[in-house]
Each structure stands twice: as structure tokens, then as C-alpha cells.
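These notes are about the structure you will find just below.
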Amino acid sequence: MLETVGLTADESEVYRLLVATGTASAQDISGRSDLDVVTAGLLLRALEHKGLASAAEDSPEWFTVVPPQVALMPRLQRHFDALEQTRAAVYELAETHRRSAWARSTCEAVEIITGAAALRQHLRQLQHGTDREMMWFVKAQYVAMSPESNQEEFDALDRGVLYRALYEQAYFDYPDAVDCVVKGVRAGEVARAVPLLPLRMAIADRSTAILPLAASGTPRNPRELRAAVVRESSLLDALIALFEHHWEIGAPLRVTEEGQIGGAGTTDAASPVGEDRHLLSLMVAGMTDEAIAGQLRVSKRTVQRRIQGLMSLAGVATRMQLGWHAARRDWL
């Protein structure tokens with residue numbers, strides 16, 4: 001127990017014997033322990049050196065104990081002070097590690113890019129790497145890449161990527177806006193309109209989002225434009241939820257044969273009819289594609305192609321969403 005104040009196990013044993021007797025010689029210590037006389041003498045000298053015993057002036061073979069409260073309490077206090085300093089240092093290191101870990105995780109989740117050119121390049125790369133779905137908030141007055149110059153969208157549509165684009169109404173006040181939307185919808189884009197969008201945003205495969213950080217309008221100097229690249233995190237989850245909320249309240253945009261934009265009215269002219277309604281009912285009932293194909297007397301591939309077409313018509317990404325949308329829009 002006394003090792004913490006600088007004594008060895010043998011020194012602790014001899015000191016305990018010395019405390020019990022008050023004064024003792026090496027011969028006495030040897031007789032009260034398993035130590036030989038020589039070893040006992042060496043240990044007594046060691047205790048004297050450490051200030052725990054003192055040799056008698058008239059008889060140096062005898063040693064008198066220095067009381068524990070005098071000899072050990074100061075040592076114990078110094079040890080306690082050192083432990084307190086060490087504890088404070090450990091807490092400081094732990095706090096530094098926590099802050100740096102938070103900073104690293106934040107940097108991994110959000111990257112800031114500067115300049116319209118950098119934003120444009122990131123948007124192109126984002127679409128090049130998309131495998132399944134792109135989600136867009138399209139506000140009026142672009143800040144980095146004009147819609148007509150976004151060839152990457154059409155390349156992705158050709159690869160089978162689902163594009164869902166939400167346009168705010170003010171977007172259509174600008175020249176060529178309708179032509180851009182018509183071109184996109186005819187290529188396969190699923191478009192909807194809302195009165196107002198809170199921000200500009202593009203989300204790829206639900207794993208990466210890019211959004212300009214300008215509070216309003218566009219910066220006067222394109223080089224001063226700043227944007228955030230948000231990767232998988234609770235922040236990205238919130239942005240996806242924001243998109244889905246606005247998507248639900250958006251009005252579907254369809255393209256007429258004359259090349260004009262039209263939304264589904266109260267009669268929902270874009271709703272499926274005939275056999276597609278029957279297919280939807282079978283799908284919502286939980287039947288497999290093979291079973292549906294048997295009921296409709298078509299191939300399984302035809303069933304899958306028609307379901308994909310209905311998903312595009314509804315502007316959804318999954319069959320579960322299609323079922324919910326069909327029930328909500330009274331397609332069944």
C-alpha cells in the first residue's frame with residue numbers, strides 16, 4: 001500500500017515494524033521478520049535516506065521512526081497534487097480530441113466550394129456519377145449552370161437515371177424556360193411545380209447534395225459564390241425530407257402534343273386508365289410480377305415496363321411510393 005508514496009515492499013514492511021516499536025536495530029527487525037540482519041540494516045538506512053527514520057546519535061545501530069503524519073503525509077499530498085494535475089491534463093486532452101473529432105466529422109459531412117466555375121464542375125461530376133436518381137430544386141435565375149447547357153441530364157436520362165425536378169413558378173417568367181422544361185420532360189424528366197422553393201439544390205442517389213449558400217439572389221462576383229457539398233449525414237437526411245415534402249405538394253407538369261406545359265387538373269388527365277388501373281390494383285394487393293403477368297396475359301417484362309412507366313407518371317422512385325400515390329390520387 002505504501003508503494004504509491006515511494007517505498008518498496010520490503011521498505012514498507014520494515015517501516016511498519018519500526019512504527020510498531022518506535023526504535024529498533026537491524027537485529028530487532030531481523031528477529032521480527034524473515035529478513036537477515038544485513039538486509040534489515042540496508043533497509044533501515046534506506047528509510048533514513050527517505051526521511052522515514054533517524055539513527056540515534058549515541059548508538060548509530062539503532063533507528064527511531066519518523067511519525068507517519070510527518071514522513072508520509074507530505075509525500076501523499078504531493079502524490080495527490082500530481083494526480084490532480086495529471087487528471088486535468090487528461091481531461092484537456094480528451095476535450096481536444098472531442099473537438100477535433102467533431103471538426104473532422106463535420107468536414108467529412110460538409111465541404112465548402114467557392115466560385116461559380118467550381119460549382120458548375122461539381123454539378124457536372126455529380127450527374128456523371130449518378131446511377132439511380134437525381135432530385136432538383138430549380139429556382140428562378142440560375143447561378144452557375146444554365147438549364148439549356150446541362151447536357152449531363154440528358155446523358156443520365158439515356159442511362160436510365162430518374163430525374164425529378166421541382167420548379168418554382170417564377171422560373172417560368174424567364175425566356176426559354178418553358179422550352180427547357182418541355183425538352184427535359186420529353187427526354188424522361190419527371191417535373192412538378194410549386195409556388196416557391198426555399199433554396200437551390202441538387203441531390204444525387206440520396207448520397208450527396210449540392211446547394212449554393214447565397215442568402216438571396218446571386219453574388220455580383222461569380223468568384224465569390226459559395227456552395228456546400230453535403231454527404232451522408234443527418235443534414236443530408238433533412239434535405240432529402242425537404243425535397244420529398246415539396247414534391248408531395250407540387251403540381252405535376254406534363255407536355256401536350258403541341259409542346260406546351262400543362263398540369264393535371266381536377267380530373268387528373270395524367271392518371272392511368274383501363275388495364276393500367278387493373279395492374280395497379282394487382283400490385284397494391286401484393287401480387288408478384290409473375291402473378292400479375294399471368295392475370296393480364298402479358299410477359300413479366302411487359303409488367304415491369306408498365307410499372308416503371310406508372311412510376312414515372314406519378315413521379316416516384318419506388319413501388320411503395322407508387323402504391324401510396326395511386327391511392328392518394330384515386331387511381332385505383
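Following the order of the C-alpha cells, chains are lettered A, B, ..., residues in each are numbered from 1, and ligands are numbered from 1.
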
Legend entry - Who sits within 10 Å of range 127-136 of chain A, only C-alpha atoms, same chain under 3 positions skipped, as a count of residues only: 40

Inset, instruction - Using only C-alpha atoms, determine which residues lie at most 10 Å from Arg32 in chain A, disregarding the query and same-chain residues fewer than 4 positions distant; provide the list as a list of chain:residue names. - result: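 Listing them by chain and then by number gives A:Val14, A:Leu17, A:Ala26, A:Gln27, A:Asp28.
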
Inset, instruction - Enter the distance from CA of Val185 in chain A to CA of Phe172 in chain A, in Å, rounded to one decimal. - result: 14.7 Å

Inset, instruction - For Leu296 in chain A, list every protein, DNA or RNA residue within 12 Å, evaluated using only C-alpha atoms, and leave out those in the same chain fewer than 5 positions away; present the list as a list in words. - result: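 In the requested form, the answer reads Gly274, Glu275, Asp276, Arg277, His278, Leu279, Leu280, Ser281, Leu282, Met283, Asp289, Glu290, Ala291, Thr302, Val303 and Arg306 of chain A.
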
May I have the residues from that selection written out with N, CA and C atoms, as an mmCIF file, in the first residue's frame?
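Everything below was put into again_21.cif:
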data_model
loop_
_atom_site.group_PDB
_atom_site.id
_atom_site.type_symbol
_atom_site.label_atom_id
_atom_site.label_comp_id
_atom_site.auth_asym_id
_atom_site.auth_seq_id
_atom_site.Cartn_x
_atom_site.Cartn_y
_atom_site.Cartn_z
ATOM 1 N N GLY A 274 -57.870 2.067 -67.849
ATOM 2 C CA GLY A 274 -58.022 0.709 -68.337
ATOM 3 C C GLY A 274 -57.160 -0.319 -67.650
ATOM 4 N N GLU A 275 -56.359 -1.019 -68.438
ATOM 5 C CA GLU A 275 -55.574 -2.147 -67.939
ATOM 6 C C GLU A 275 -54.508 -1.700 -66.935
ATOM 7 N N ASP A 276 -54.006 -0.450 -67.065
ATOM 8 C CA ASP A 276 -53.020 0.035 -66.100
ATOM 9 C C ASP A 276 -53.631 0.177 -64.707
ATOM 10 N N ARG A 277 -54.887 0.571 -64.636
ATOM 11 C CA ARG A 277 -55.556 0.624 -63.343
ATOM 12 C C ARG A 277 -55.681 -0.774 -62.750
ATOM 13 N N HIS A 278 -56.000 -1.741 -63.613
ATOM 14 C CA HIS A 278 -56.075 -3.132 -63.160
ATOM 15 C C HIS A 278 -54.717 -3.596 -62.645
ATOM 16 N N LEU A 279 -53.646 -3.253 -63.379
ATOM 17 C CA LEU A 279 -52.291 -3.618 -62.957
ATOM 18 C C LEU A 279 -51.966 -3.017 -61.594
ATOM 19 N N LEU A 280 -52.316 -1.740 -61.412
ATOM 20 C CA LEU A 280 -52.054 -1.080 -60.137
ATOM 21 C C LEU A 280 -52.782 -1.779 -58.989
ATOM 22 N N SER A 281 -54.016 -2.183 -59.233
ATOM 23 C CA SER A 281 -54.788 -2.852 -58.193
ATOM 24 C C SER A 281 -54.140 -4.175 -57.800
ATOM 25 N N LEU A 282 -53.644 -4.910 -58.802
ATOM 26 C CA LEU A 282 -52.985 -6.181 -58.513
ATOM 27 C C LEU A 282 -51.679 -5.953 -57.747
ATOM 28 N N MET A 283 -50.933 -4.913 -58.139
ATOM 29 C CA MET A 283 -49.660 -4.628 -57.473
ATOM 30 C C MET A 283 -49.891 -4.220 -56.021
ATOM 31 N N ASP A 289 -44.785 -9.973 -59.778
ATOM 32 C CA ASP A 289 -44.821 -9.614 -61.198
ATOM 33 C C ASP A 289 -45.266 -10.796 -62.053
ATOM 34 N N GLU A 290 -44.815 -12.012 -61.688
ATOM 35 C CA GLU A 290 -45.213 -13.203 -62.451
ATOM 36 C C GLU A 290 -46.723 -13.424 -62.366
ATOM 37 N N ALA A 291 -47.276 -13.225 -61.143
ATOM 38 C CA ALA A 291 -48.718 -13.430 -60.974
ATOM 39 C C ALA A 291 -49.513 -12.376 -61.740
ATOM 40 N N THR A 302 -43.126 -7.024 -69.691
ATOM 41 C CA THR A 302 -44.127 -6.009 -70.003
ATOM 42 C C THR A 302 -44.705 -5.403 -68.730
ATOM 43 N N VAL A 303 -44.967 -6.262 -67.734
ATOM 44 C CA VAL A 303 -45.475 -5.773 -66.451
ATOM 45 C C VAL A 303 -44.477 -4.800 -65.829
ATOM 46 N N ARG A 306 -44.371 -1.492 -67.677
ATOM 47 C CA ARG A 306 -45.545 -0.660 -67.437
ATOM 48 C C ARG A 306 -45.546 -0.087 -66.015
#

Inset, instruction - Write out as a ChimeraX atom specification each polymer residue whose atoms come within 8 Å of range 71-81 of chain A, counting only C-alpha atoms; drop sequence neighbours fewer than 6 positions from it. - result: /A:4-5,51-52

Inset, instruction - Name the residues of range 11-194 of chain A that fall into helix (DSSP H, G or I) according to DSSP on the backbone, using the chain letters and numbers of this document, as JSON, numbers by chain. - result: {"A": [11, 12, 13, 14, 15, 16, 17, 18, 19, 20, 21, 26, 27, 28, 29, 30, 31, 32, 37, 38, 39, 40, 41, 42, 43, 44, 45, 46, 47, 48, 49, 68, 69, 70, 71, 73, 74, 75, 76, 77, 78, 79, 80, 81, 82, 83, 84, 85, 86, 87, 88, 89, 90, 91, 92, 93, 94, 95, 96, 97, 98, 99, 100, 101, 102, 103, 104, 105, 106, 107, 108, 109, 116, 117, 118, 119, 120, 121, 122, 123, 124, 125, 126, 127, 128, 147, 148, 149, 151, 152, 153, 154, 155, 156, 157, 158, 169, 170, 171, 172, 173, 177, 178, 179, 180, 181, 182, 183, 184, 185, 186, 187]}

Name the residues of range 33-183 of chain A that come out as strand (DSSP E or B) in a backbone DSSP run; write them as a JSON list (two decimals) with C-alpha atoms, in the first residue's frame.
[["chain", "number", "residue", "atom", "x", "y", "z"],
["A", 53, "ALA", "CA", 13.73, 7.01, 10.16],
["A", 54, "SER", "CA", 16.67, 8.62, 12.01],
["A", 55, "ALA", "CA", 19.78, 6.97, 13.53],
["A", 62, "TRP", "CA", 19.55, 1.94, 16.45],
["A", 63, "PHE", "CA", 16.90, 3.79, 14.43],
["A", 64, "THR", "CA", 13.96, 5.86, 15.61],
["A", 65, "VAL", "CA", 10.81, 6.11, 13.49],
["A", 110, "VAL", "CA", -19.90, 19.23, -45.44],
["A", 111, "GLU", "CA", -17.39, 20.63, -47.93],
["A", 112, "ILE", "CA", -17.44, 24.29, -48.96],
["A", 113, "ILE", "CA", -16.55, 25.15, -52.54],
["A", 114, "THR", "CA", -16.01, 28.67, -53.86],
["A", 133, "GLU", "CA", -31.89, 9.24, -59.22],
["A", 134, "MET", "CA", -31.36, 12.99, -59.37],
["A", 135, "MET", "CA", -33.54, 15.37, -57.37],
["A", 136, "TRP", "CA", -33.56, 19.08, -58.23],
["A", 137, "PHE", "CA", -34.87, 22.29, -56.70],
["A", 138, "VAL", "CA", -34.92, 24.68, -59.66],
["A", 162, "LEU", "CA", -34.67, 9.00, -62.82],
["A", 163, "TYR", "CA", -34.76, 12.81, -62.82],
["A", 164, "ARG", "CA", -37.26, 14.52, -60.54],
["A", 165, "ALA", "CA", -37.27, 18.30, -60.93],
["A", 166, "LEU", "CA", -39.26, 20.79, -58.89],
["A", 167, "TYR", "CA", -39.64, 24.22, -60.49],
["A", 168, "GLU", "CA", -40.81, 27.30, -58.67]]

Legend entry - CA of Gln304 in chain A to CA of Arg192 in chain A, straight-line distance in Å: 24.1 Å

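The space separating CA of Arg120 in chain A from CA of Ala228 in chain A comes to 12.5 Å.
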
Inset, instruction - Excluding Cys180 in chain A and residues on its chain fewer than 5 positions from it, collect all residues at most 10 Å away from it, counting only C-alpha atoms, and give them as a ChimeraX atom specification. - result: /A:146-149,172,175,185
